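What follows is a set of notes on a single structure, which appears directly below.
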Amino acid sequence: MPDPLDALYRDVLMDHYHNPRGRKKIEEPDVHNEGKNPACGDEIEMELKINGDTIEHIHVGCTGCAISVSSGSMLADIVEGKSLPEVRRIAGIVKAMLVGDQLPDDVNLGDLKALEGVRKFPVRVKCALLSWTTLVDSLQVYENGSHAQVSTTE
Ligand code: ZN
């Protein structure tokens with residue numbers, strides 16, 4: 001029997017897949033990072049422009065399956081303008097949602113809710129997580145880089 005909610009979520013996913021957000025490249029990004037999901041063949045290029053502790057701009061160039069591309073597009077939509085701690089919190093929530101962990105009661109998933117059904121397909125969870133793990137890794141790279149700069153000026 002067709003499930004109307006599933007159809008709705010499929011539309012959300014397909015909209016992100018066909019019109020991915022965050023495609024515009026960033027001039028002089030603070031972080032350039034790449035990620036791969038060899039199990040599926042998904043690849044992602046990510047660039048961040050960070051001001052203080054806020055992500056001012058993000059570029060997500062993802063190629064691969066519909067789930068990886070649409071997840072990366074949602075990520076670009078959501079994290080721009082947010083602080084690094086907030087972005088880390090959201091990445092943690094996405095991961096919890098995808099592996100089936102308990103979510104905080106007050107959380108509003110928005111379009112991300114469309115990815116919830118992916119957890120029924122463990123092979124595809126990696127596709128949905130690719131952009132988020134690359135983002136967390138990018139923040140680590142950024143912070144390590146700044147620490148190194150700080151220590152050389154001392
Ligand atoms: Zn994939």
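Ordering of the structure tokens sets the chain letters (A, B, ...), residue numbers begin anew at 1 in every chain, and ligands are numbered from 1 in the order given.
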Could you tell me, counting only C-alpha atoms and all ligand atoms, which protein and nucleic acid residues lie no more than 8 Å from ligand 1, written as a list of chain:residue names? A:Asn37, A:Ala39, A:Cys40, A:Gly41, A:Asp42, A:Gly64, A:Cys65, A:Ala66, A:Ile67, A:Ser68, A:Arg124, A:Lys126, A:Cys127, A:Ala128
Saved selection, atoms kept: C-alpha atoms, as a short mmCIF file (atom, residue, chain, number, x, y, z; two decimals), in the first residue's frame:
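To be explicit, this is the file written out as selection01.cif:
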data_model
loop_
_atom_site.label_atom_id
_atom_site.label_comp_id
_atom_site.auth_asym_id
_atom_site.auth_seq_id
_atom_site.Cartn_x
_atom_site.Cartn_y
_atom_site.Cartn_z
CA ASN A 37 32.09 6.63 0.57
CA ALA A 39 30.94 1.39 -0.63
CA CYS A 40 28.62 3.38 -2.90
CA GLY A 41 31.00 5.56 -4.93
CA ASP A 42 29.85 8.85 -3.38
CA GLY A 64 26.96 10.05 -6.12
CA CYS A 65 23.59 8.59 -5.25
CA ALA A 66 20.42 10.58 -4.52
CA ILE A 67 20.76 10.04 -0.76
CA SER A 68 24.32 11.38 -0.48
CA ARG A 124 22.67 3.59 2.70
CA LYS A 126 26.89 5.78 5.05
CA CYS A 127 25.58 7.67 2.02
CA ALA A 128 23.44 9.94 4.20
#
Close residues, range 74-79 of chain A itself excluded, 8 Å, only C-alpha atoms, min 4 positions apart in chain, as a PyMOL selection string: chain A and resi 16+21-22+55+58-60+70+87+111-112+131-132
Those of range 18-115 of chain A in DSSP alpha helix (DSSP H), formatted as a ChimeraX atom specification: /A:18,66-79,84-99
Dump of N, CA and C atoms for the selected residues, as a short mmCIF file (atom, residue, chain, number, x, y, z; two decimals), in the first residue's frame:
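Below is the file result-v2.cif, written as the result:
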data_model
loop_
_atom_site.label_atom_id
_atom_site.label_comp_id
_atom_site.auth_asym_id
_atom_site.auth_seq_id
_atom_site.Cartn_x
_atom_site.Cartn_y
_atom_site.Cartn_z
N HIS A 18 17.88 17.23 -7.27
CA HIS A 18 17.89 17.89 -8.57
C HIS A 18 18.32 19.36 -8.48
N ALA A 66 21.39 9.56 -4.91
CA ALA A 66 20.42 10.58 -4.52
C ALA A 66 20.49 10.87 -3.02
N ILE A 67 20.76 9.84 -2.21
CA ILE A 67 20.76 10.04 -0.76
C ILE A 67 21.96 10.88 -0.33
N SER A 68 23.14 10.60 -0.87
CA SER A 68 24.32 11.38 -0.48
C SER A 68 24.20 12.82 -0.96
N VAL A 69 23.73 13.01 -2.19
CA VAL A 69 23.63 14.37 -2.75
C VAL A 69 22.58 15.18 -2.01
N SER A 70 21.42 14.58 -1.73
CA SER A 70 20.37 15.35 -1.06
C SER A 70 20.73 15.62 0.39
N SER A 71 21.41 14.69 1.05
CA SER A 71 21.86 14.93 2.42
C SER A 71 22.85 16.09 2.46
N GLY A 72 23.77 16.13 1.49
CA GLY A 72 24.75 17.22 1.41
C GLY A 72 24.08 18.55 1.14
N SER A 73 23.03 18.53 0.33
CA SER A 73 22.30 19.75 0.02
C SER A 73 21.58 20.28 1.26
N MET A 74 20.96 19.38 2.02
CA MET A 74 20.28 19.79 3.26
C MET A 74 21.29 20.38 4.24
N LEU A 75 22.44 19.73 4.31
CA LEU A 75 23.51 20.21 5.18
C LEU A 75 23.88 21.65 4.83
N ALA A 76 24.07 21.91 3.53
CA ALA A 76 24.45 23.26 3.09
C ALA A 76 23.38 24.27 3.49
N ASP A 77 22.12 23.89 3.33
CA ASP A 77 20.99 24.74 3.70
C ASP A 77 21.00 25.07 5.18
N ILE A 78 21.28 24.05 5.99
CA ILE A 78 21.08 24.16 7.43
C ILE A 78 22.24 24.86 8.14
N VAL A 79 23.47 24.56 7.75
CA VAL A 79 24.59 25.01 8.60
C VAL A 79 25.04 26.44 8.30
N LEU A 84 29.77 27.11 15.23
CA LEU A 84 30.40 25.79 15.18
C LEU A 84 29.83 24.82 16.22
N PRO A 85 29.61 25.26 17.48
CA PRO A 85 29.01 24.32 18.44
C PRO A 85 27.61 23.86 18.00
N GLU A 86 26.82 24.78 17.45
CA GLU A 86 25.47 24.44 17.00
C GLU A 86 25.54 23.44 15.84
N VAL A 87 26.48 23.66 14.94
CA VAL A 87 26.65 22.78 13.78
C VAL A 87 27.05 21.38 14.25
N ARG A 88 27.93 21.33 15.25
CA ARG A 88 28.34 20.02 15.79
C ARG A 88 27.15 19.31 16.43
N ARG A 89 26.30 20.09 17.12
CA ARG A 89 25.13 19.53 17.77
C ARG A 89 24.19 18.93 16.71
N ILE A 90 23.97 19.68 15.63
CA ILE A 90 23.09 19.20 14.56
C ILE A 90 23.66 17.93 13.92
N ALA A 91 24.98 17.92 13.68
CA ALA A 91 25.60 16.74 13.08
C ALA A 91 25.40 15.52 13.98
N GLY A 92 25.47 15.73 15.30
CA GLY A 92 25.25 14.64 16.26
C GLY A 92 23.82 14.13 16.20
N ILE A 93 22.87 15.07 16.02
CA ILE A 93 21.46 14.69 15.94
C ILE A 93 21.19 13.88 14.67
N VAL A 94 21.79 14.32 13.56
CA VAL A 94 21.60 13.61 12.29
C VAL A 94 22.13 12.18 12.41
N LYS A 95 23.31 12.06 13.03
CA LYS A 95 23.89 10.74 13.20
C LYS A 95 23.00 9.85 14.08
N ALA A 96 22.51 10.43 15.18
CA ALA A 96 21.63 9.68 16.08
C ALA A 96 20.37 9.22 15.35
N MET A 97 19.81 10.13 14.53
CA MET A 97 18.61 9.79 13.78
C MET A 97 18.88 8.62 12.82
N LEU A 98 20.05 8.64 12.18
CA LEU A 98 20.34 7.64 11.15
C LEU A 98 20.70 6.28 11.74
N VAL A 99 21.25 6.28 12.96
CA VAL A 99 21.58 4.98 13.56
C VAL A 99 20.48 4.51 14.50
#
Separation of CA of Asn33 in chain A and CA of Thr134 in chain A, in Å? 7.2 Å
Name all residues at most 9 Å from Val31 in chain A (count only C-alpha atoms; drop same-chain ones fewer than 5 positions away) and give them as a list in words. Met46, Glu47, Leu48, Lys49, Ile50, Ser138, Leu139, Val141 and Tyr142 of chain A
Write to file, as a PDB file, in the first residue's frame, the residues of the selection just made, with N, CA and C atoms.
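To be explicit, this is the file written out as part-v7.pdb:
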ATOM      1  N   MET A  46      34.147  19.797   0.081  1.00  0.00           N
ATOM      2  CA  MET A  46      33.510  20.768   0.976  1.00  0.00           C
ATOM      3  C   MET A  46      34.457  21.923   1.235  1.00  0.00           C
ATOM      4  N   GLU A  47      33.912  23.139   1.177  1.00  0.00           N
ATOM      5  CA  GLU A  47      34.692  24.326   1.497  1.00  0.00           C
ATOM      6  C   GLU A  47      33.905  25.170   2.482  1.00  0.00           C
ATOM      7  N   LEU A  48      34.633  25.738   3.436  1.00  0.00           N
ATOM      8  CA  LEU A  48      33.979  26.561   4.453  1.00  0.00           C
ATOM      9  C   LEU A  48      34.647  27.915   4.551  1.00  0.00           C
ATOM     10  N   LYS A  49      33.821  28.941   4.729  1.00  0.00           N
ATOM     11  CA  LYS A  49      34.308  30.265   5.081  1.00  0.00           C
ATOM     12  C   LYS A  49      33.809  30.513   6.501  1.00  0.00           C
ATOM     13  N   ILE A  50      34.754  30.633   7.419  1.00  0.00           N
ATOM     14  CA  ILE A  50      34.382  30.740   8.833  1.00  0.00           C
ATOM     15  C   ILE A  50      34.809  32.099   9.370  1.00  0.00           C
ATOM     16  N   SER A 138      35.963  18.598   8.815  1.00  0.00           N
ATOM     17  CA  SER A 138      36.401  19.921   8.343  1.00  0.00           C
ATOM     18  C   SER A 138      36.580  20.887   9.515  1.00  0.00           C
ATOM     19  N   LEU A 139      35.668  20.816  10.483  1.00  0.00           N
ATOM     20  CA  LEU A 139      35.766  21.698  11.653  1.00  0.00           C
ATOM     21  C   LEU A 139      37.016  21.363  12.456  1.00  0.00           C
ATOM     22  N   VAL A 141      39.776  20.042  11.192  1.00  0.00           N
ATOM     23  CA  VAL A 141      40.895  20.554  10.392  1.00  0.00           C
ATOM     24  C   VAL A 141      41.058  22.052  10.642  1.00  0.00           C
ATOM     25  N   TYR A 142      39.937  22.769  10.647  1.00  0.00           N
ATOM     26  CA  TYR A 142      39.961  24.219  10.843  1.00  0.00           C
ATOM     27  C   TYR A 142      40.547  24.548  12.215  1.00  0.00           C
TER      28      TYR A 142
END
Residue neighbourhood Gly117 in chain A, 9 Å, only C-alpha atoms, exclusion window fewer than 2 positions, as a PyMOL selection string: chain A and resi 6+9+98+113-115+119-121
Residues of chain A classed as strand (DSSP E or B) by DSSP on the backbone are to be reported as a PyMOL selection string. chain A and resi 31-37+42-51+54-63+83
